[in-house]
Each structure stands twice: as C-alpha cells, then as structure tokens.
$ cat final_16.csv   # CSV, C-alpha atoms
chain,number,residue,atom,x,y,z
A,1,MET,CA,103.0,119.7,108.9
A,2,ASN,CA,103.0,117.2,106.1
A,3,LYS,CA,100.0,117.0,103.8
A,4,TYR,CA,99.2,113.5,102.5
A,5,PHE,CA,97.0,112.6,99.5
A,6,ARG,CA,94.7,109.7,99.1
A,7,ILE,CA,92.7,109.6,95.9
A,8,LYS,CA,89.1,108.7,96.9
A,9,GLU,CA,87.7,108.5,93.3
A,10,GLU,CA,90.3,106.0,92.2
A,11,ARG,CA,89.8,103.9,95.4
A,12,ASP,CA,86.0,103.9,94.7
A,13,SER,CA,86.5,102.8,91.1
A,14,LEU,CA,88.6,99.9,92.4
A,15,ILE,CA,85.8,98.9,94.7
A,16,LYS,CA,83.3,99.0,91.8
A,17,ILE,CA,85.7,96.8,89.7
A,18,LEU,CA,85.9,94.2,92.5
A,19,GLU,CA,82.2,94.2,93.6
A,20,ASN,CA,81.2,91.2,91.5
A,21,LEU,CA,83.8,88.9,92.9
A,22,THR,CA,83.7,86.7,96.0
A,23,PHE,CA,85.8,87.5,99.0
A,24,ASP,CA,88.4,84.8,98.2
A,25,GLU,CA,88.7,86.0,94.6
A,26,LYS,CA,89.1,89.6,95.7
A,27,LYS,CA,91.8,88.5,98.1
A,28,GLN,CA,93.6,86.5,95.5
A,29,VAL,CA,93.5,89.2,92.9
A,30,LEU,CA,94.6,92.0,95.2
A,31,LYS,CA,97.3,89.9,96.8
A,32,LYS,CA,98.8,89.1,93.4
A,33,VAL,CA,98.5,92.7,92.1
A,34,ASP,CA,100.0,94.3,95.2
A,35,GLN,CA,102.9,91.8,95.3
A,36,SER,CA,103.7,92.4,91.6
A,37,MET,CA,103.6,96.2,92.1
A,38,VAL,CA,105.9,95.9,95.2
A,39,ASN,CA,108.3,93.7,93.2
A,40,SER,CA,108.5,96.1,90.3
A,41,ALA,CA,109.0,99.1,92.6
A,42,ASN,CA,111.8,97.2,94.4
A,43,LYS,CA,113.5,96.5,91.0
A,44,VAL,CA,113.5,100.3,90.4
A,45,LEU,CA,114.8,101.0,93.8
A,46,ALA,CA,117.6,98.4,93.4
A,47,ASN,CA,118.9,100.4,90.4
A,48,ASP,CA,119.5,103.5,92.6
A,49,ASN,CA,123.0,104.4,93.7
A,50,PRO,CA,123.1,103.6,96.6
A,51,PRO,CA,120.0,101.3,96.7
A,52,GLY,CA,117.0,102.8,98.5
A,53,GLU,CA,115.0,101.1,101.2
A,54,PHE,CA,113.0,98.3,99.8
A,55,LEU,CA,109.2,98.2,100.0
A,56,THR,CA,107.3,95.4,101.8
A,57,LYS,CA,103.8,96.8,101.1
A,58,LEU,CA,102.2,99.5,99.0
A,59,PRO,CA,102.0,102.9,100.6
A,60,THR,CA,98.5,104.2,101.4
A,61,LYS,CA,99.5,107.9,101.8
A,62,PHE,CA,101.4,110.0,99.3
A,63,LYS,CA,103.1,113.4,99.6
A,64,SER,CA,102.2,114.2,95.9
A,65,GLU,CA,98.8,114.0,94.3
A,66,VAL,CA,100.4,113.0,91.0
A,67,GLN,CA,102.1,110.0,92.7
A,68,ALA,CA,98.9,108.9,94.4
A,69,LYS,CA,96.9,109.1,91.2
A,70,ALA,CA,99.6,107.3,89.2
A,71,MET,CA,99.8,104.5,91.8
A,72,GLN,CA,96.1,104.0,92.0
A,73,LEU,CA,95.6,104.1,88.2
A,74,GLY,CA,98.3,101.5,87.7
A,75,ARG,CA,96.8,99.4,90.4
A,76,ASN,CA,93.3,99.6,88.8
A,77,LEU,CA,94.7,98.6,85.4
A,78,MET,CA,96.6,95.6,86.9
A,79,VAL,CA,93.4,94.5,88.8
A,80,LYS,CA,91.4,94.6,85.6
A,81,PHE,CA,94.0,92.4,83.9
A,82,GLU,CA,94.1,90.0,86.7
A,83,ILE,CA,90.3,89.7,86.8
A,84,ASP,CA,90.3,88.9,83.1
A,85,GLU,CA,93.0,86.2,83.7
A,86,LEU,CA,91.0,84.8,86.6
A,87,PHE,CA,87.9,84.4,84.4
A,88,LYS,CA,89.9,82.8,81.7
A,89,ARG,CA,91.3,80.3,84.1
A,90,LYS,CA,87.7,79.6,85.5
A,91,ARG,CA,86.4,79.2,81.9
A,92,LYS,CA,89.2,76.8,81.1
A,93,ASP,CA,88.5,74.7,84.2
A,94,ASN,CA,84.8,74.6,83.4
A,95,ILE,CA,85.2,73.4,79.8
A,96,LYS,CA,84.6,69.7,79.6
A,97,ILE,CA,85.7,67.6,76.7
A,98,VAL,CA,82.8,65.7,75.0
A,99,LYS,CA,83.6,62.3,73.6
$ encode --input "final_16.csv" --output "structure tokens"
Amino acid sequence: MNKYFRIKEERDSLIKILENLTFDEKKQVLKKVDQSMVNSANKVLANDNPPGEFLTKLPTKFKSEVQAKAMQLGRNLMVKFEIDELFKRKRKDNIKIVK
C-alpha cells in the first residue's frame, strides 16, 4: 500500500495568503503560478535521458514528505511574489497624471 503525503500546514498558509483577494484575483494568481511551476518542472524533465513524462498539472499527492513540503513552500513563495506584482500593476493603473 502506498502512503501519500499532503502538507496541511502549508496549504493552510496558502489560504491565509490569498484570503484578502477577490475570487478572480485568486484564480489569476494561482493559474499563473501553477503554469510557471509546471513549465519549470517540464524543463527539468526534458533534460533527463530519456525524457520523462511531461506534467500537465501540479501533483496533489506526494510519496515523500520532503517533496511535498518543497513543492508547497515553493508555491507559497511564488504566490507571494505574484500578489506583489498584482498590487504593483493595480497601483500603476490607478495613478493618474495631474496636469
């Protein structure tokens, strides 16, 4: 029987990070982060000899607790960065030039 790990603390911290955003903003941020993580994982898989099977989405279950923790921590960091970029774009759009 396989034992799978899902790190609940890290998933809860991601929920806390995203709680102040609207649904559309959450969707936009998570979609961008997940796609960038899948693309970077596929680049690593492409370097294997022979190339491994490419990912289409992020896995939700991991066979190693270390892998699960690393994936969730990386995702949390990237989400924080994307939220900062989102707020920078929103601020830039809201600034009006006074003549």
$ atom_distance --input "final_16.csv" --atom1 "CA of Pro50 (chain A)" --atom2 "CA of Met37 (chain A)"
21.3 Å
$ closest_residue --input "final_16.csv" --among "A:Val44, A:Asp34, A:Leu77, A:Lys90" --to "Pro59 (chain A)" --atoms "all atoms listed in the file"
A:Asp34
$ residues_around --input "final_16.csv" --residues "Lys3 (chain A)" --least-positions-apart "3" --cutoff "10 Å" --atoms "only C-alpha atoms" --output "ChimeraX atom specification"
/A:61-64
$ write_last_selection --input "final_16.csv" --atoms "C-alpha atoms" --output "PDB file, in the coordinates of the input"
ATOM      1  CA  LYS A  61      99.500 107.900 101.800  1.00  0.00           C
ATOM      2  CA  PHE A  62     101.400 110.000  99.300  1.00  0.00           C
ATOM      3  CA  LYS A  63     103.100 113.400  99.600  1.00  0.00           C
ATOM      4  CA  SER A  64     102.200 114.200  95.900  1.00  0.00           C
TER       5      SER A  64
END
$ closest_residue --input "final_16.csv" --among "A:Gly74, A:Arg91, A:Ile15, A:Gln67" --to "Ser40 (chain A)" --atoms "all atoms listed in the file"
A:Gly74
$ atom_distance --input "final_16.csv" --atom1 "CA of Ala41 (chain A)" --atom2 "CA of Gln28 (chain A)"
20.1 Å
$ atom_distance --input "final_16.csv" --atom1 "CA of Glu25 (chain A)" --atom2 "CA of Leu58 (chain A)"
19.6 Å
$ closest_residue --input "final_16.csv" --among "A:Lys32, A:Lys26, A:Ala68, A:Met78" --to "Arg11 (chain A)" --atoms "only C-alpha atoms"
A:Ala68
$ closest_residue --input "final_16.csv" --among "A:Lys57, A:Asp93, A:Lys88, A:Val98" --to "Val33 (chain A)" --atoms "all atoms listed in the file"
A:Lys57
